[in-house]
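Shown here: input.txt, compact mmCIF, C-alpha atoms.
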# COMPACT_ATOMS: atom_id res chain seq x y z
CA MET A 1 73.37 -14.70 19.05
CA VAL A 2 74.92 -17.38 16.77
CA LYS A 3 71.58 -17.99 15.03
CA ALA A 4 71.15 -14.25 14.37
CA LEU A 5 74.66 -14.07 12.94
CA LEU A 6 74.06 -17.04 10.63
CA LEU A 7 70.80 -15.51 9.40
CA THR A 8 72.67 -12.28 8.63
CA LEU A 9 75.31 -14.25 6.74
CA ILE A 10 72.68 -16.02 4.63
CA LEU A 11 71.10 -12.70 3.68
CA LEU A 12 74.47 -11.25 2.80
CA VAL A 13 75.26 -14.20 0.53
CA VAL A 14 72.12 -13.46 -1.47
CA TRP A 15 73.05 -9.77 -1.62
CA LEU A 16 76.63 -10.28 -2.83
CA PRO A 17 77.58 -9.71 -6.51
CA ASP A 18 78.35 -12.61 -8.90
CA ALA A 19 82.13 -12.25 -8.63
CA ALA A 20 83.90 -15.12 -6.84
CA ALA A 21 84.66 -14.45 -3.20
CA ASP A 22 86.35 -16.06 -0.22
CA THR A 23 83.99 -18.62 1.26
CA LEU A 24 83.49 -19.73 4.86
CA TYR A 25 81.96 -23.20 5.17
CA PHE A 26 80.19 -23.78 8.48
CA LYS A 27 79.95 -27.15 10.20
CA ASN A 28 76.14 -26.86 10.09
CA GLY A 29 76.21 -26.90 6.27
CA ARG A 30 75.81 -23.18 5.66
CA LYS A 31 78.29 -20.81 4.12
CA ALA A 32 79.13 -17.11 3.87
CA GLU A 33 81.01 -15.25 1.15
CA GLY A 34 83.09 -12.12 1.25
CA LEU A 35 86.74 -11.16 1.59
CA VAL A 36 88.76 -12.63 4.43
CA VAL A 37 90.47 -9.81 6.30
CA SER A 38 92.22 -11.91 8.92
CA GLU A 39 92.54 -15.51 10.16
CA GLU A 40 94.64 -14.75 13.21
CA GLY A 41 93.93 -16.27 16.62
CA ASP A 42 90.72 -18.22 17.11
CA SER A 43 88.58 -16.14 14.74
CA VAL A 44 88.15 -15.35 11.06
CA VAL A 45 87.28 -11.77 10.13
CA LEU A 46 85.21 -11.49 6.93
CA ASN A 47 84.40 -8.33 5.00
CA VAL A 48 80.94 -8.79 3.46
CA GLY A 49 80.76 -5.42 1.73
CA ALA A 50 78.10 -3.98 4.00
CA GLY A 51 80.37 -4.42 7.00
CA VAL A 52 82.79 -6.77 8.78
CA ILE A 53 81.85 -9.88 10.76
CA LYS A 54 83.90 -12.07 13.08
CA VAL A 55 83.39 -15.85 13.18
CA LYS A 56 84.88 -18.39 15.62
CA LYS A 57 87.08 -20.96 13.86
CA VAL A 58 85.47 -23.76 15.88
CA GLU A 59 82.23 -23.09 13.99
CA LEU A 60 83.92 -23.54 10.59
CA LEU A 61 84.61 -26.62 8.50
CA ARG A 62 87.02 -24.83 6.18
CA VAL A 63 87.93 -21.51 4.53
CA GLU A 64 88.40 -21.23 0.77
CA ARG A 65 90.18 -18.23 -0.71
CA SER A 66 89.31 -16.78 -4.12
CA PRO A 67 91.89 -15.89 -6.83
CA ALA A 68 93.46 -12.43 -6.53
CA GLU A 69 91.78 -11.18 -9.73
CA ASP A 70 88.34 -12.17 -8.41
CA THR A 71 89.10 -10.42 -5.12
CA GLU A 72 89.84 -7.18 -6.94
CA ALA A 73 86.70 -7.55 -9.08
CA LEU A 74 84.61 -8.04 -5.98
CA LYS A 75 86.09 -4.95 -4.32
CA PHE A 76 85.33 -2.96 -7.47
CA LYS A 77 81.68 -4.11 -7.49
CA TRP A 78 81.29 -3.33 -3.82
CA GLN A 79 82.64 0.16 -4.35
CA ALA A 80 80.32 0.69 -7.33
CA GLN A 81 77.34 -0.39 -5.24
CA LYS A 82 78.42 1.88 -2.39
CA ASP A 83 78.70 4.82 -4.79
CA GLU A 84 75.24 4.04 -6.18
CA ASN A 85 73.72 3.90 -2.69
CA GLU A 86 75.34 7.20 -1.74
CA LYS A 87 73.99 8.72 -4.94
CA LYS A 88 70.45 7.58 -4.06
CA ILE A 89 70.76 8.97 -0.54
CA LEU A 90 71.99 12.31 -1.92
CA GLU A 91 69.04 12.47 -4.33
CA ARG A 92 66.56 11.70 -1.52
CA ASN A 93 68.08 14.47 0.59
CA LYS A 94 67.78 16.90 -2.33
CA GLN A 95 64.11 15.99 -2.76
CA ARG A 96 63.49 16.56 0.95
CA ALA A 97 65.22 19.94 0.72
CA ARG A 98 63.02 20.96 -2.21
CA ALA A 99 59.84 19.86 -0.49
CA PRO A 100 58.03 22.79 1.15
CA GLU A 101 58.10 22.70 4.92
CA THR A 102 54.89 23.15 6.86
CA GLU A 103 55.16 25.38 9.92
CA LYS A 104 52.75 24.96 12.82
CA VAL A 105 51.47 27.97 14.75
CA LYS A 106 49.57 27.54 17.99
CA VAL A 107 46.29 29.48 18.03
CA ASP A 108 43.62 30.30 20.58
CA SER A 109 39.90 30.05 19.91
CA LYS A 110 37.29 32.08 21.74
CA ASP A 111 33.79 33.20 20.83
CA GLY A 112 34.27 31.95 17.28
CA GLN A 113 37.45 33.95 16.77
CA ILE A 114 40.90 32.48 16.18
CA THR A 115 43.77 34.54 17.54
CA VAL A 116 47.54 34.27 17.21
CA LYS A 117 50.40 35.88 19.09
CA ALA A 118 52.54 38.08 16.84
CA THR A 119 55.52 40.41 17.01
CA ILE A 120 55.44 43.52 14.81
CA ASN A 121 58.61 45.27 13.64
CA GLY A 122 60.65 43.06 15.93
CA ARG A 123 59.59 44.75 19.16
CA THR A 124 55.84 45.10 19.66
CA SER A 125 53.72 42.16 20.76
CA ALA A 126 50.14 41.89 19.56
CA THR A 127 47.25 39.44 19.59
CA LEU A 128 45.79 39.32 16.09
CA VAL A 129 42.47 37.85 15.04
CA LEU A 130 42.78 35.56 12.02
CA ASP A 131 40.60 37.05 9.28
CA THR A 132 40.82 35.67 5.74
CA GLY A 133 38.24 38.22 4.64
CA ALA A 134 40.58 41.12 5.38
CA THR A 135 42.71 41.98 2.35
CA GLN A 136 45.38 43.48 4.59
CA VAL A 137 46.69 43.24 8.09
CA LEU A 138 44.60 45.71 10.10
CA LEU A 139 45.87 47.37 13.27
CA SER A 140 44.07 49.26 15.99
CA LYS A 141 45.08 52.81 16.91
CA LYS A 142 46.43 51.51 20.19
CA THR A 143 48.79 49.12 18.40
CA ALA A 144 49.85 51.84 15.97
CA LYS A 145 50.75 54.06 18.91
CA LYS A 146 52.92 51.31 20.40
CA LEU A 147 54.70 51.02 17.06
CA GLY A 148 55.29 54.75 16.88
CA ILE A 149 53.23 55.14 13.69
CA THR A 150 52.13 58.71 13.00
CA LEU A 151 48.54 58.99 11.80
CA LYS A 152 47.57 62.01 9.72
CA GLY A 153 43.91 61.08 9.78
CA ASP A 154 41.24 61.39 7.09
CA LYS A 155 40.78 65.12 7.68
CA ASP A 156 44.10 65.80 5.97
CA LYS A 157 43.07 66.15 2.33
CA GLU A 158 46.64 65.59 1.20
CA ASN A 159 46.82 62.24 2.96
CA LYS A 160 46.71 59.86 0.01
CA ASP A 161 47.22 56.88 2.29
CA VAL A 162 43.63 56.90 3.54
CA ILE A 163 41.67 53.93 2.19
CA GLN A 164 38.39 52.18 2.87
CA VAL A 165 38.44 48.72 4.43
CA THR A 166 35.73 46.26 5.40
CA VAL A 167 35.60 45.19 9.05
CA ALA A 168 34.15 42.04 10.63
CA ASP A 169 30.56 43.28 10.75
CA GLY A 170 30.63 44.23 7.06
CA ARG A 171 30.92 47.99 7.51
CA LYS A 172 33.32 49.97 5.35
CA VAL A 173 35.52 52.27 7.41
CA LYS A 174 38.52 54.47 6.82
CA ALA A 175 42.06 53.41 7.54
CA GLN A 176 45.55 54.67 6.83
CA LYS A 177 47.92 52.53 4.78
CA VAL A 178 51.23 51.64 6.39
CA ARG A 179 54.00 49.16 5.69
CA LEU A 180 55.35 46.98 8.45
CA ALA A 181 59.05 46.23 8.36
CA SER A 182 58.32 42.75 9.70
CA LEU A 183 55.51 40.66 11.06
CA GLU A 184 56.48 37.51 12.95
CA VAL A 185 54.09 34.81 14.08
CA GLN A 186 55.80 32.36 16.45
CA GLY A 187 59.07 32.33 14.54
CA ILE A 188 57.55 32.65 11.04
CA LYS A 189 58.70 36.01 9.78
CA ALA A 190 57.49 38.05 6.81
CA LEU A 191 59.16 41.28 5.73
CA ASN A 192 57.63 44.44 4.25
CA VAL A 193 54.02 43.57 5.00
CA ASP A 194 51.26 45.91 3.76
CA ALA A 195 48.89 46.90 6.54
CA ALA A 196 46.37 49.56 7.52
CA VAL A 197 45.52 51.34 10.76
CA LEU A 198 41.85 51.89 11.54
CA LEU A 199 41.25 55.59 12.09
CA ASP A 200 38.00 55.18 14.04
CA LYS A 201 38.38 53.63 17.50
CA LYS A 202 34.89 52.12 17.31
CA SER A 203 35.81 50.22 14.13
CA GLY A 204 38.06 47.89 16.04
CA LYS A 205 35.61 46.90 18.77
CA HIS A 206 35.69 43.24 17.63
CA PHE A 207 39.40 42.98 18.29
CA GLU A 208 41.91 44.66 20.57
CA ASP A 209 45.19 44.75 18.65
CA GLY A 210 44.38 43.94 15.04
CA LEU A 211 43.51 41.43 12.32
CA LEU A 212 45.88 39.02 10.61
CA GLY A 213 44.75 39.50 7.02
CA MET A 214 45.73 38.30 3.57
CA SER A 215 48.73 40.61 3.08
CA PHE A 216 50.46 38.16 5.44
CA LEU A 217 48.48 34.95 4.88
CA SER A 218 48.66 35.02 1.06
CA ARG A 219 52.40 34.44 1.26
CA TYR A 220 51.62 30.93 2.43
CA ILE A 221 49.39 27.99 1.64
CA PHE A 222 47.50 27.85 4.90
CA ARG A 223 44.80 25.96 6.74
CA VAL A 224 43.54 25.75 10.30
CA ASP A 225 43.52 22.51 12.27
CA TYR A 226 40.72 23.26 14.72
CA ALA A 227 41.10 19.98 16.62
CA ARG A 228 44.75 20.65 17.45
CA LYS A 229 44.35 24.44 17.55
CA GLU A 230 47.07 24.99 14.95
CA LEU A 231 47.51 27.29 11.96
CA LEU A 232 49.49 25.38 9.30
CA LEU A 233 51.60 27.56 7.01
CA GLU A 234 53.46 26.27 3.95
CA LYS A 235 55.77 28.73 2.19
CA ARG A 236 54.80 29.36 -1.43
CA LYS A 237 57.54 28.75 -4.00

Translate the structure described by the file into structure tokens.
Amino acid sequence: MVKALLLTLILLVVWLPDAAADTLYFKNGRKAEGLVVSEEGDSVVLNVGAGVIKVKKVELLRVERSPAEDTEALKFKWQAQKDENEKKILERNKQRARAPETEKVKVDSKDGQITVKATINGRTSATLVLDTGATQVLLSKKTAKKLGITLKGDKDKENKDVIQVTVADGRKVKAQKVRLASLEVQGIKALNVDAAVLLDKKSGKHFEDGLLGMSFLSRYIFRVDYARKELLLEKRK
């Protein structure tokens, strides 16, 4: 314990500013500098700037006090150093706050497909197949029904929301454009997400609930960690 304390004192002496300080001279030939706070009882309390230490008087040869003006100068330098350290810490915290945070989403992998659990419009759960080739989030008719989405169908000539989309097998099929109030993937929430509902039941045979396409994914810098079964999402600035 005493050896550790003496080592700390030596390091602190090197760290201290050039201003004269109170000095503790140890019987073993070493010394420590700082500002003596108290010499009461059997101990000497020394402020070394980075903290306060307590030394037994029996370990000391003598204590030398510095002039009052040097004491004040030392306090001033300590305070300046403390302010500088706090400034550096504040700047580091600001840099961390500006750095984009990467969110991790657990995924499942089966038959070459990666699926994620999602919540649509805050109330409907769905299992979506990750598909970077899909320009939009695509939903099955079954999922649309759960969401209460009304489909006019492609037979309604006045339905300008009917578009053509490409599905997993490369076929172009008809779908109806919709906008989702929210799409949340394990706590990562996007608002006002463009999507489309497939109008032909057979078109969605490769998935049950839908596809997680680029209208959601493009909001993030993303990659898949296959080894850990994670989708990594970093919010774009």

(request) Figure out the distance between CA of Ala195 (chain A) and CA of Gly148 (chain A), please, to one decimal in Å. (result)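 Rounded to one decimal, the two atoms are 14.5 Å apart.
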
(message) Calculated over all atoms listed in the file, which of the candidates A:Val37, A:Val63, A:Leu217, A:Val137 has the smallest distance to Gly51 (chain A)?
(response) A:Val37

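Here CA of Glu91 (chain A) stands at a distance of 23.7 Å from CA of Glu103 (chain A).
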
(message) Counting only C-alpha atoms, which residue out of A:Leu183, A:Val193, A:Leu138, A:Val36 sits closest to Ala118 (chain A)?
(response) A:Leu183

(request) Extract, using only C-alpha atoms, all DNA, RNA and protein residues at most 6 Å from Asp70 (chain A), discarding same-chain residues fewer than 3 positions from it, and format them as JSON, numbers by chain. (result) {"A": [20, 67, 73]}

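Interatomic distance, CA of Gln164 (chain A) against CA of Gln136 (chain A): 11.3 Å.
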
(message) Just want the 8 Å neighbourhood of Asn192 (chain A), counted on all atoms listed in the file, with same-chain residues fewer than 3 positions away dropped. Output as a list in words.
(response) Arg179, Leu180, Ala181 and Ser182 of chain A

(message) For a quick check of understanding, using all atoms listed in the file, which of A:Gln81, A:Phe26, A:Leu46, A:Gly34 has the smallest distance to Leu60 (chain A)?
(response)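 Nearest to Leu60 (chain A): A:Phe26.
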
(request) For Leu35 (chain A), please output as number ranges by chain all residues within 7 Å (counting all atoms listed in the file; exclusion window: fewer than 3 positions along the same chain). (result) A: 21-22, 46-48

Please output region 105-116 of chain A, rebuilt to include N, CA and C atoms, as a compact mmCIF listing (two decimals), in the coordinates of the input.
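selection.txt, written as the output of this step:
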# COMPACT_ATOMS: atom_id res chain seq x y z
N VAL A 105 51.64 26.83 13.85
CA VAL A 105 51.47 27.97 14.75
C VAL A 105 50.33 27.66 15.72
N LYS A 106 50.60 27.75 16.99
CA LYS A 106 49.57 27.54 17.99
C LYS A 106 48.60 28.71 18.00
N VAL A 107 47.30 28.42 18.03
CA VAL A 107 46.29 29.48 18.03
C VAL A 107 45.37 29.28 19.23
N ASP A 108 44.65 30.36 19.55
CA ASP A 108 43.62 30.30 20.58
C ASP A 108 42.26 30.51 19.91
N SER A 109 41.24 29.92 20.47
CA SER A 109 39.90 30.05 19.91
C SER A 109 38.94 30.47 21.01
N LYS A 110 38.24 31.58 20.75
CA LYS A 110 37.29 32.08 21.74
C LYS A 110 36.18 32.84 21.03
N ASP A 111 34.97 32.51 21.39
CA ASP A 111 33.79 33.20 20.83
C ASP A 111 33.80 33.19 19.31
N GLY A 112 34.27 32.07 18.73
CA GLY A 112 34.27 31.95 17.28
C GLY A 112 35.43 32.63 16.59
N GLN A 113 36.30 33.27 17.35
CA GLN A 113 37.45 33.95 16.77
C GLN A 113 38.73 33.15 17.04
N ILE A 114 39.60 33.12 16.04
CA ILE A 114 40.90 32.48 16.18
C ILE A 114 41.95 33.57 16.30
N THR A 115 42.75 33.51 17.33
CA THR A 115 43.77 34.54 17.54
C THR A 115 45.16 33.92 17.59
N VAL A 116 46.15 34.72 17.17
CA VAL A 116 47.54 34.27 17.21
C VAL A 116 48.39 35.36 17.88
